[in-house]
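Engineer: Got protein_39.tsv for you, TSV, C-alpha atoms:
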```
chain	number	residue	atom	x	y	z
C	298	GLY	CA	80.82	116.13	93.75
C	299	GLN	CA	77.73	117.70	95.31
C	300	VAL	CA	75.75	120.52	93.76
C	301	GLY	CA	73.80	122.90	95.95
C	302	ARG	CA	73.39	126.52	96.92
C	303	LEU	CA	76.40	127.75	98.85
C	304	ILE	CA	75.50	131.45	98.70
C	305	SER	CA	72.02	132.84	98.01
C	306	GLY	CA	70.26	136.17	98.06
C	307	LEU	CA	72.46	138.09	95.62
C	308	THR	CA	70.38	140.64	93.73
C	309	SER	CA	69.26	139.92	90.19
C	310	SER	CA	70.80	142.85	88.41
C	311	ARG	CA	70.34	142.18	84.69
C	312	ASP	CA	68.07	140.35	82.28
C	313	SER	CA	68.60	136.67	81.57
C	314	GLY	CA	70.54	137.25	78.38
C	315	ASP	CA	73.19	139.55	79.80
C	316	LEU	CA	76.33	137.91	81.17
C	317	SER	CA	76.95	140.72	83.66
C	318	GLY	CA	74.27	139.18	85.87
C	319	ALA	CA	76.48	136.16	86.62
C	320	PRO	CA	78.42	136.26	89.90
C	321	LEU	CA	82.18	135.84	89.89
C	322	VAL	CA	83.74	133.24	92.21
C	323	ALA	CA	87.43	132.67	92.95
C	324	VAL	CA	89.56	131.04	95.62
C	325	SER	CA	92.78	132.57	96.92
C	326	PRO	CA	96.10	130.87	96.02
C	327	THR	CA	96.47	129.79	99.66
C	328	ALA	CA	92.95	128.30	99.59
C	329	ASP	CA	91.95	130.15	102.75
C	330	MET	CA	89.54	132.70	101.25
C	331	LEU	CA	86.58	132.55	98.90
C	332	TYR	CA	85.93	135.67	96.81
C	333	VAL	CA	82.58	136.55	95.24
C	334	GLY	CA	81.90	139.46	92.92
C	335	HIS	CA	78.52	140.65	91.71
C	336	PHE	CA	77.31	143.34	89.34
C	337	ASN	CA	76.78	146.78	90.90
C	338	ASP	CA	77.69	145.79	94.46
C	339	GLY	CA	80.71	148.10	94.18
C	340	HIS	CA	83.12	145.68	95.87
C	341	LEU	CA	83.90	141.99	96.37
C	342	TRP	CA	82.56	139.67	99.07
C	343	THR	CA	84.78	137.24	101.00
C	344	TYR	CA	84.19	134.10	103.04
C	345	PRO	CA	87.02	132.42	105.01
C	346	LEU	CA	87.78	128.78	104.21
C	347	ASP	CA	89.17	126.12	106.54
C	348	GLN	CA	92.07	124.49	104.70
C	349	ASN	CA	91.73	121.40	106.88
C	350	GLU	CA	88.06	120.84	106.10
C	351	PRO	CA	86.43	120.23	102.70
C	352	LEU	CA	83.98	122.91	101.62
C	353	SER	CA	80.45	121.61	102.05
C	354	VAL	CA	77.01	122.98	101.27
C	355	PRO	CA	75.45	124.38	104.47
C	356	ASP	CA	71.96	123.43	105.64
C	357	SER	CA	70.86	126.99	104.90
C	358	PRO	CA	72.58	128.98	102.14
C	359	LEU	CA	74.97	131.72	103.15
C	360	THR	CA	73.83	135.29	102.50
C	361	VAL	CA	75.67	138.60	102.32
C	362	ASP	CA	75.23	138.87	106.08
C	363	ASP	CA	77.66	135.95	106.39
C	364	LEU	CA	80.22	137.58	104.07
C	365	GLN	CA	82.75	140.38	104.47
C	366	PRO	CA	83.48	143.10	101.87
C	367	ALA	CA	86.83	143.41	100.08
C	368	MET	CA	88.16	145.82	97.43
C	369	GLN	CA	86.07	148.62	98.91
C	370	PRO	CA	85.48	151.86	96.92
C	371	LEU	CA	88.18	154.53	97.08
C	372	ASN	CA	86.18	157.75	96.74
C	373	ARG	CA	84.45	157.19	93.37
C	374	VAL	CA	86.82	154.43	92.24
C	375	GLN	CA	84.96	151.15	92.58
C	376	LEU	CA	84.15	147.88	90.87
C	377	ILE	CA	81.08	147.90	88.64
C	378	ASN	CA	80.96	144.53	86.89
C	379	PRO	CA	83.69	142.20	88.25
C	380	PHE	CA	83.84	139.50	85.58
C	381	ASP	CA	86.92	137.41	86.36
C	382	MET	CA	89.73	137.34	88.89
C	383	THR	CA	93.33	136.30	89.24
C	384	PHE	CA	95.97	137.08	91.87
C	385	ASP	CA	99.35	138.78	91.76
C	386	GLN	CA	102.55	137.09	92.91
C	387	ASN	CA	101.69	137.98	96.53
C	388	GLY	CA	98.12	136.67	96.38
C	389	VAL	CA	96.47	140.09	96.01
C	390	PRO	CA	93.19	140.04	94.00
C	391	VAL	CA	93.31	141.45	90.44
C	392	VAL	CA	89.90	141.79	88.77
C	393	SER	CA	88.72	142.41	85.21
C	394	ASP	CA	85.78	144.84	85.19
C	395	ALA	CA	83.58	144.36	82.11
C	396	SER	CA	81.68	147.62	82.61
C	397	ALA	CA	84.60	149.85	83.57
C	398	ASN	CA	86.67	148.41	80.67
C	399	GLY	CA	89.68	148.03	82.91
C	400	VAL	CA	91.57	145.88	85.40
C	401	ALA	CA	91.44	146.70	89.11
C	402	LYS	CA	93.62	145.63	92.04
C	403	GLU	CA	93.17	145.65	95.80
C	404	ASN	CA	95.25	148.24	97.65
C	405	PRO	CA	97.06	147.34	100.89
C	406	ASP	CA	94.33	149.14	102.85
C	407	GLY	CA	91.59	147.07	101.21
C	408	THR	CA	90.42	149.75	98.76
C	409	THR	CA	90.38	149.59	94.96
C	410	ARG	CA	92.55	151.08	92.23
C	411	PHE	CA	92.54	150.51	88.48
C	412	ILE	CA	95.94	149.47	87.17
C	413	HIS	CA	94.87	149.51	83.51
C	414	GLN	CA	92.18	150.97	81.26
C	415	PHE	CA	91.73	149.54	77.76
C	416	PHE	CA	91.43	151.64	74.62
C	417	ASP	CA	88.61	151.01	72.17
C	418	ILE	CA	89.33	148.35	69.56
C	419	PRO	CA	88.60	148.45	65.80
C	420	ASP	CA	85.16	147.55	64.50
C	421	THR	CA	85.75	144.80	61.96
C	422	ASN	CA	82.57	145.81	60.10
C	423	ASN	CA	83.59	149.44	59.70
C	424	PRO	CA	87.23	150.65	59.84
C	425	ASN	CA	86.01	154.16	60.67
C	426	LEU	CA	84.34	153.00	63.89
C	427	SER	CA	85.55	151.47	67.13
C	428	ILE	CA	83.91	149.36	69.84
C	429	GLN	CA	84.33	149.04	73.57
C	430	PRO	CA	86.97	146.48	74.62
C	431	VAL	CA	84.93	144.78	77.43
C	432	PRO	CA	87.49	142.74	79.41
C	433	THR	CA	86.23	139.31	80.44
C	434	GLY	CA	88.68	136.51	81.37
C	435	ILE	CA	91.98	137.22	83.10
C	436	THR	CA	94.92	135.07	84.23
C	437	ARG	CA	98.47	135.84	85.38
C	438	VAL	CA	101.50	134.75	83.37
C	439	GLY	CA	104.66	135.78	85.22
C	440	ALA	CA	104.61	139.55	85.67
C	441	GLU	CA	101.85	140.01	83.07
C	442	TYR	CA	98.11	139.51	83.01
C	443	TYR	CA	96.49	137.91	79.97
C	444	VAL	CA	93.03	139.40	79.33
C	445	THR	CA	90.35	138.51	76.79
C	446	LEU	CA	88.61	141.53	75.24
C	447	THR	CA	85.18	140.53	73.98
C	448	GLY	CA	84.39	143.71	72.06
C	449	GLY	CA	81.21	145.53	73.00
C	450	CYS	CA	77.73	145.47	71.58
C	451	PRO	CA	76.91	144.69	68.77
C	452	TYR	CA	79.83	142.17	68.81
C	453	PRO	CA	81.15	142.48	65.25
C	454	PRO	CA	82.56	139.16	63.99
C	455	ASP	CA	86.26	138.53	64.63
C	456	SER	CA	86.55	141.68	66.76
C	457	GLY	CA	87.71	140.04	70.00
C	458	GLN	CA	91.30	140.05	71.21
C	459	LEU	CA	93.68	138.47	73.70
C	460	VAL	CA	96.12	141.01	75.15
C	461	ALA	CA	98.80	141.07	77.82
C	462	ILE	CA	99.15	143.94	80.29
C	463	ASP	CA	101.38	144.71	83.26
C	464	GLU	CA	101.10	146.94	86.31
C	465	ASN	CA	102.99	149.74	84.53
C	466	ARG	CA	100.06	150.15	82.11
C	467	ASN	CA	101.89	148.53	79.21
C	468	GLN	CA	99.76	146.54	76.78
C	469	ARG	CA	100.59	144.21	73.88
C	470	THR	CA	98.34	142.22	71.58
C	471	ILE	CA	98.70	138.44	71.52
C	472	LEU	CA	95.69	137.37	69.39
C	473	THR	CA	93.08	139.08	67.23
C	474	ASP	CA	90.11	137.84	65.16
C	475	LEU	CA	88.34	136.17	68.10
C	476	ASN	CA	84.57	135.89	68.55
C	477	MET	CA	83.38	137.00	71.98
C	478	PRO	CA	86.35	135.56	73.92
C	479	ILE	CA	85.10	135.02	77.47
C	480	ASP	CA	87.94	133.31	79.34
C	481	VAL	CA	91.66	132.58	79.23
C	482	ALA	CA	93.61	130.12	81.36
C	483	VAL	CA	97.13	128.75	81.60
C	484	ASP	CA	97.64	125.16	82.76
C	485	GLU	CA	100.59	123.78	84.71
C	486	ASN	CA	102.44	122.96	81.48
C	487	GLY	CA	102.30	126.59	80.38
C	488	VAL	CA	99.67	125.96	77.69
C	489	VAL	CA	97.41	128.96	77.06
C	490	TRP	CA	93.73	128.10	76.54
C	491	VAL	CA	91.24	130.58	75.04
C	492	LEU	CA	87.48	130.15	75.34
C	493	GLU	CA	85.09	131.90	72.92
C	494	PHE	CA	81.48	132.26	74.05
C	495	ALA	CA	79.57	132.37	70.76
C	496	ARG	CA	79.09	134.06	67.45
C	497	PHE	CA	76.51	136.81	67.29
C	498	GLU	CA	73.68	137.16	64.81
C	499	PRO	CA	74.13	140.38	62.78
C	500	GLY	CA	71.68	143.11	63.73
C	501	ALA	CA	70.22	141.32	66.74
C	502	SER	CA	69.78	142.94	70.14
C	503	CYS	CA	72.77	142.63	72.43
C	504	PHE	CA	70.75	142.83	75.63
C	505	THR	CA	68.05	140.19	75.21
C	506	GLY	CA	70.28	137.16	74.61
C	507	GLU	CA	68.41	136.42	71.39
C	508	GLY	CA	71.39	137.38	69.26
C	509	TYR	CA	73.77	134.73	70.59
C	510	LEU	CA	73.98	131.76	68.22
C	511	PRO	CA	73.77	128.38	70.03
C	512	ASN	CA	76.55	125.82	69.63
C	513	THR	CA	79.05	128.32	68.22
C	514	GLY	CA	81.41	128.43	71.20
C	515	ARG	CA	84.99	127.28	70.77
C	516	LEU	CA	87.91	126.15	72.94
C	517	SER	CA	91.37	126.70	71.46
C	518	ARG	CA	94.99	126.46	72.56
C	519	LEU	CA	98.17	128.25	71.64
C	520	ASN	CA	100.39	125.59	70.12
C	521	ALA	CA	104.17	125.41	70.25
C	522	ASP	CA	104.41	127.79	67.26
C	523	GLY	CA	102.24	130.42	68.93
C	524	ILE	CA	99.31	129.70	66.59
C	525	LEU	CA	95.77	129.43	67.97
C	526	GLU	CA	94.55	125.89	67.34
C	527	PRO	CA	90.84	125.04	67.77
C	528	VAL	CA	90.45	121.93	69.92
C	529	LEU	CA	86.72	121.77	70.69
C	530	ILE	CA	84.03	123.46	68.57
C	531	ASN	CA	80.23	123.76	68.73
C	532	LEU	CA	80.19	124.38	72.47
C	533	ASN	CA	76.87	125.62	73.80
C	534	PHE	CA	77.66	129.02	75.35
C	535	PRO	CA	80.78	128.11	77.38
C	536	GLY	CA	81.53	130.48	80.25
C	537	ALA	CA	84.74	129.52	82.04
C	538	ILE	CA	87.63	127.07	81.99
C	539	LEU	CA	89.53	125.82	85.05
C	540	PRO	CA	92.70	123.72	84.48
C	541	LEU	CA	93.42	121.11	87.18
C	542	SER	CA	96.77	119.79	88.40
C	543	ASP	CA	96.19	116.34	86.86
C	544	GLY	CA	96.05	117.80	83.33
C	545	SER	CA	92.26	117.75	83.04
C	546	PHE	CA	90.02	120.80	83.36
C	547	TYR	CA	86.47	121.88	84.05
C	548	LEU	CA	84.51	123.79	81.42
C	549	SER	CA	81.12	125.35	82.14
C	550	GLU	CA	78.29	125.92	79.69
C	551	VAL	CA	76.29	128.92	80.92
C	552	PHE	CA	72.76	128.55	79.60
C	553	ALA	CA	72.81	124.74	79.57
C	554	GLY	CA	73.72	124.78	83.24
C	555	ARG	CA	76.28	122.00	83.05
C	556	VAL	CA	79.99	121.51	83.71
C	557	LEU	CA	82.16	119.26	81.54
C	558	HIS	CA	85.13	117.50	83.12
C	559	ILE	CA	87.59	117.22	80.25
C	560	ASN	CA	90.41	114.66	80.44
C	561	LEU	CA	93.44	114.95	78.22
C	562	GLY	CA	94.22	111.74	76.37
C	563	SER	CA	96.13	110.58	73.32
C	564	GLU	CA	96.32	112.87	70.30
C	565	PRO	CA	93.47	112.13	67.83
C	566	GLU	CA	94.00	112.27	64.10
C	567	ASN	CA	91.53	115.06	63.40
C	568	LEU	CA	91.14	118.34	65.26
C	569	PRO	CA	88.98	120.10	66.26
C	570	LEU	CA	86.61	117.76	68.05
C	571	ASP	CA	82.88	118.44	67.82
C	572	ALA	CA	81.17	119.12	71.16
C	573	ALA	CA	77.77	118.56	69.53
C	574	THR	CA	78.48	114.81	69.52
C	575	ILE	CA	78.63	114.75	73.34
C	576	ALA	CA	75.57	113.27	75.05
C	577	PRO	CA	73.46	115.97	76.77
C	578	ASN	CA	74.30	114.65	80.23
C	579	ALA	CA	77.94	113.83	79.57
C	580	GLU	CA	80.33	114.57	82.40
C	581	THR	CA	83.63	113.62	80.79
C	582	LEU	CA	85.24	114.06	77.42
C	583	THR	CA	88.64	112.82	76.24
C	584	LEU	CA	90.75	115.41	74.48
C	585	PRO	CA	94.28	115.35	73.07
C	586	SER	CA	97.47	115.89	74.99
C	587	VAL	CA	98.87	119.37	74.54
C	588	PRO	CA	102.42	120.44	73.66
C	589	ARG	CA	103.87	123.19	75.78
C	590	ALA	CA	103.13	126.62	74.33
C	591	THR	CA	105.89	129.11	73.77
C	592	ILE	CA	105.10	132.24	75.77
C	593	THR	CA	107.27	135.19	74.83
C	594	PRO	CA	108.07	137.17	77.98
C	595	ALA	CA	107.50	140.88	77.91
C	596	PRO	CA	110.64	143.04	77.63
C	597	PRO	CA	111.73	144.66	80.89
C	598	PRO	CA	110.31	148.18	81.33
C	599	THR	CA	112.58	151.07	80.44
C	600	PRO	CA	113.54	152.93	83.63
C	601	LYS	CA	112.23	156.46	83.71
C	602	PRO	CA	114.93	159.13	84.06
C	603	GLU	CA	114.89	161.25	87.19
C	604	THR	CA	113.77	164.83	86.68
C	605	ALA	CA	114.72	167.97	88.54
C	606	TRP	CA	111.37	169.76	88.07
C	607	GLN	CA	108.15	169.30	89.99
C	608	PHE	CA	104.58	170.55	90.03
C	609	VAL	CA	103.47	173.10	92.64
C	610	ASP	CA	99.81	173.53	93.65
C	611	VAL	CA	98.99	177.23	93.10
C	612	ALA	CA	95.21	176.86	92.89
C	613	ALA	CA	94.48	178.69	96.17
C	614	ALA	CA	96.86	181.52	95.34
C	615	THR	CA	95.13	182.12	92.01
C	616	GLY	CA	91.61	181.94	93.45
C	617	LEU	CA	90.64	178.53	92.05
C	618	ASP	CA	88.35	176.89	94.59
C	619	PHE	CA	85.89	175.08	92.27
C	620	ARG	CA	84.69	171.63	93.27
C	621	HIS	CA	83.13	169.40	90.63
C	622	GLY	CA	79.64	168.35	91.76
C	623	ALA	CA	78.31	166.46	88.74
C	624	PHE	CA	78.95	163.04	90.28
C	625	GLN	CA	78.00	163.63	93.90
C	626	GLU	CA	75.17	161.09	93.90
C	627	ASP	CA	76.09	158.66	91.12
C	628	ILE	CA	78.48	158.06	88.22
C	629	TYR	CA	76.86	158.92	84.91
C	630	PRO	CA	78.00	157.96	81.40
C	631	ASP	CA	78.94	161.53	80.50
C	632	PRO	CA	82.55	161.68	79.17
C	633	VAL	CA	82.45	165.45	78.66
C	634	ALA	CA	81.50	166.11	82.27
C	635	MET	CA	84.00	163.58	83.55
C	636	MET	CA	86.87	165.14	81.61
C	637	GLY	CA	85.73	168.64	82.61
```
Starting from the coordinates I provided, produce the structure as structure tokens.
Structural biologist:
Amino acid sequence: GQVGRLISGLTSSRDSGDLSGAPLVAVSPTADMLYVGHFNDGHLWTYPLDQNEPLSVPDSPLTVDDLQPAMQPLNRVQLINPFDMTFDQNGVPVVSDASANGVAKENPDGTTRFIHQFFDIPDTNNPNLSIQPVPTGITRVGAEYYVTLTGGCPYPPDSGQLVAIDENRNQRTILTDLNMPIDVAVDENGVVWVLEFARFEPGASCFTGEGYLPNTGRLSRLNADGILEPVLINLNFPGAILPLSDGSFYLSEVFAGRVLHINLGSEPENLPLDAATIAPNAETLTLPSVPRATITPAPPPTPKPETAWQFVDVAAATGLDFRHGAFQEDIYPDPVAMMG
């Protein structure tokens, strides 16, 4: 129940209105490792936890000197903006990268590989245009990963999506017409919760924070019929949801700097509930009990037939000895050079 600085000294990498400046924190399924991700560090940080001792705030905050790196770069493959994290069935970190527009996983040797890259999604304002997918929240459901795609600047209304991917690069769409979805979570009853950050003022700047409309966040659940049902509206820039084993969950509000502890109670007559009626310093809120959602499992992957042919490297024999040097010092946003 204490609040204090556990880790300090991480670099301030973006302006106050950009969510990529917020560090990512996760705890391993075995509760023996704390993971921290931060924009532009190129990897994760770890800190070992003692399962027999409660985590307490140290007299002096930890710094990066007290942490160890994880998910190290593999050549030029590295994390840019780790936004959220889950773990595979063996406890291996799986990270959504909101700047690389993909999902990365830790290799057995501690390096990084991307198991999925998202295609652009339609611009709801103009069918002839598309926008960046920008993965935010991620959670594992069986052999799949559910990922919220916020939809890049300028955040057209109803452009966000919830999709499911697997480690064979398959992707299927679960929900569309979302507004800046920022997190997804599955509780112990199998209920899928989707958190939307805010609506965005048309024509406003995406990078100053002035375009986000206050009190337009929304928490919804997938009901037993697979329909998204709003449960709590008018949230003030919610950032993350964490279901607990007792049926309650924590919900953070980013710019307000508070965490709501939400307890599930009896089903009220009218949904959704209005978060604007909560007192500014409220810590608890009673919400309805939730029926178990029906999650349709993904079909098993079709086995690939064995082939008798193979590729042979003949570059040296034909005199090809070119080495691409455009990205020796940094990775630049130049698709033509990258593809070349």
Engineer: Report the distance between CA of Ala461 in chain C and CA of Val444 in chain C in Å, rounded to one decimal place.
Structural biologist: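 Taking CA of Ala461 in chain C as the start and CA of Val444 in chain C as the end point, the length is 6.2 Å.
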Engineer: Need to verify the contact set: Asn531 in chain C, 8 Å, only C-alpha atoms, exclusion of same-chain residues closer than 2 positions in sequence. Can you return it as a VMD selection string?
Structural biologist: chain C and resid 512 to 515 529 533 571 to 573
Engineer: Would you give me, as a tab-separated table, each residue of range 351-415 of chain C having an atom within 12 Å of an atom of range 478-499 of chain C, along with its shortest atom pair and that distance in Å to one decimal, using all atoms listed in the file and sorting by chain and residue number?
Structural biologist:
```
residue	atom	partner	partner_atom	distance
C:Phe380	CA	C:Ile479	CA	9.4
C:Asp381	CA	C:Asp480	CA	8.2
C:Met382	CA	C:Asp480	CA	10.5
C:Thr383	CA	C:Ala482	CA	10.0
C:Ser393	CA	C:Asp480	CA	10.9
C:Ala395	CA	C:Ile479	CA	10.5
```
Engineer: Write out as a PyMOL selection string the residues lying within 9 Å of Tyr332 in chain C, counting only C-alpha atoms and excluding same-chain residues fewer than 3 positions away.
Structural biologist: chain C and resi 321-325+341-345+367+382+390
Engineer: To one decimal place in Å, what is the distance between CA of Ile559 in chain C and CA of Asn378 in chain C?
Structural biologist: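 Spanning CA of Ile559 in chain C to CA of Asn378 in chain C is a straight-line distance of 28.9 Å.
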Engineer: What gap, in Å, lies between CA of Glu464 in chain C and CA of Val333 in chain C?
Structural biologist: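 Computing it gives 23.0 Å between the two atoms.
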Engineer: Could you give me, as a PyMOL selection string, the residues within 10 Å of range 384-386 of chain C, counting all atoms listed in the file and dropping anything in the same chain fewer than 4 positions from it?
Structural biologist: chain C and resi 323-326+390-392+402-403+435-442+464
Engineer: Determine, counting only C-alpha atoms, every residue of protein, DNA or RNA that lies within 8 Å of (80.6, 150.2, 69.9) in the file coordinates, then give the result as a ChimeraX atom specification.
Structural biologist: /C:420,426-429,448-451
Engineer: With distances taken over only C-alpha atoms, which residue among C:Ala613, C:Leu303, C:Leu516, C:Ala605 lies nearest Val354 in chain C?
Structural biologist: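 Nearest to Val354 in chain C: C:Leu303.
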Engineer: Would you please work out which residue, of C:Ala537, C:Arg302, C:Glu550, C:Ala401, is nearest to Asp463 in chain C when using all atoms listed in the file?
Structural biologist: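 Comparing C:Ala537, C:Arg302, C:Glu550, C:Ala401 against Asp463 in chain C, the winner is C:Ala401.
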Engineer: Could you extract range 406-476 of chain C of the given structure into a file holding C-alpha atoms, as a compact mmCIF listing (two decimals), in the first residue's frame?
Structural biologist:
```txt
# COMPACT_ATOMS: atom_id res chain seq x y z
CA ASP C 406 20.41 -16.52 -25.80
CA GLY C 407 18.86 -13.34 -24.40
CA THR C 408 18.67 -11.45 -27.70
CA THR C 409 15.58 -10.10 -29.46
CA ARG C 410 13.52 -11.22 -32.44
CA PHE C 411 10.24 -9.90 -33.83
CA ILE C 412 7.62 -12.62 -34.14
CA HIS C 413 5.06 -10.35 -35.83
CA GLN C 414 4.85 -7.07 -37.76
CA PHE C 415 1.46 -5.41 -38.21
CA PHE C 416 0.16 -4.09 -41.50
CA ASP C 417 -1.26 -0.58 -41.73
CA ILE C 418 -4.95 -0.30 -40.88
CA PRO C 419 -7.66 1.69 -42.72
CA ASP C 420 -8.11 5.38 -42.03
CA THR C 421 -11.76 5.77 -41.05
CA ASN C 422 -11.74 9.37 -42.31
CA ASN C 423 -10.46 8.47 -45.77
CA PRO C 424 -10.83 4.99 -47.33
CA ASN C 425 -7.96 5.78 -49.71
CA LEU C 426 -5.50 6.25 -46.84
CA SER C 427 -4.10 4.03 -44.12
CA ILE C 428 -2.54 4.67 -40.71
CA GLN C 429 0.13 2.99 -38.65
CA PRO C 430 -1.19 0.21 -36.38
CA VAL C 431 0.78 1.19 -33.20
CA PRO C 432 0.50 -1.86 -30.89
CA THR C 433 -0.09 -0.96 -27.25
CA GLY C 434 -1.56 -3.52 -24.81
CA ILE C 435 -0.82 -7.23 -25.10
CA THR C 436 -1.95 -10.34 -23.19
CA ARG C 437 -1.71 -14.07 -23.85
CA VAL C 438 -4.81 -16.20 -24.42
CA GLY C 439 -3.76 -19.82 -24.90
CA ALA C 440 -1.42 -20.01 -27.87
CA GLU C 441 -2.40 -16.54 -29.11
CA TYR C 442 -1.57 -13.00 -28.09
CA TYR C 443 -4.32 -10.39 -27.98
CA VAL C 444 -3.00 -6.96 -29.00
CA THR C 445 -4.67 -3.54 -29.06
CA LEU C 446 -3.79 -1.44 -32.13
CA THR C 447 -4.27 2.23 -31.33
CA GLY C 448 -3.88 3.57 -34.87
CA GLY C 449 -1.21 6.19 -35.43
CA CYS C 450 -1.31 9.95 -35.51
CA PRO C 451 -3.71 11.70 -36.12
CA TYR C 452 -5.88 9.01 -34.43
CA PRO C 453 -8.96 8.99 -36.68
CA PRO C 454 -12.13 8.18 -34.71
CA ASP C 455 -13.08 4.49 -34.46
CA SER C 456 -9.83 3.42 -36.13
CA GLY C 457 -8.46 1.25 -33.31
CA GLN C 458 -8.59 -2.54 -33.32
CA LEU C 459 -8.16 -5.60 -31.12
CA VAL C 460 -6.42 -8.44 -32.96
CA ALA C 461 -5.09 -11.89 -32.13
CA ILE C 462 -1.73 -13.13 -33.40
CA ASP C 463 0.36 -16.26 -32.94
CA GLU C 464 4.03 -17.10 -33.27
CA ASN C 465 3.51 -18.32 -36.85
CA ARG C 466 2.70 -14.74 -37.92
CA ASN C 467 -1.02 -15.42 -38.29
CA GLN C 468 -3.34 -12.53 -37.46
CA ARG C 469 -7.12 -12.27 -37.05
CA THR C 470 -9.31 -9.32 -36.13
CA ILE C 471 -11.45 -9.55 -33.00
CA LEU C 472 -12.78 -5.97 -32.66
CA THR C 473 -12.81 -2.81 -34.76
CA ASP C 474 -14.19 0.72 -34.25
CA LEU C 475 -12.19 1.40 -31.07
CA ASN C 476 -10.83 4.78 -29.99
```
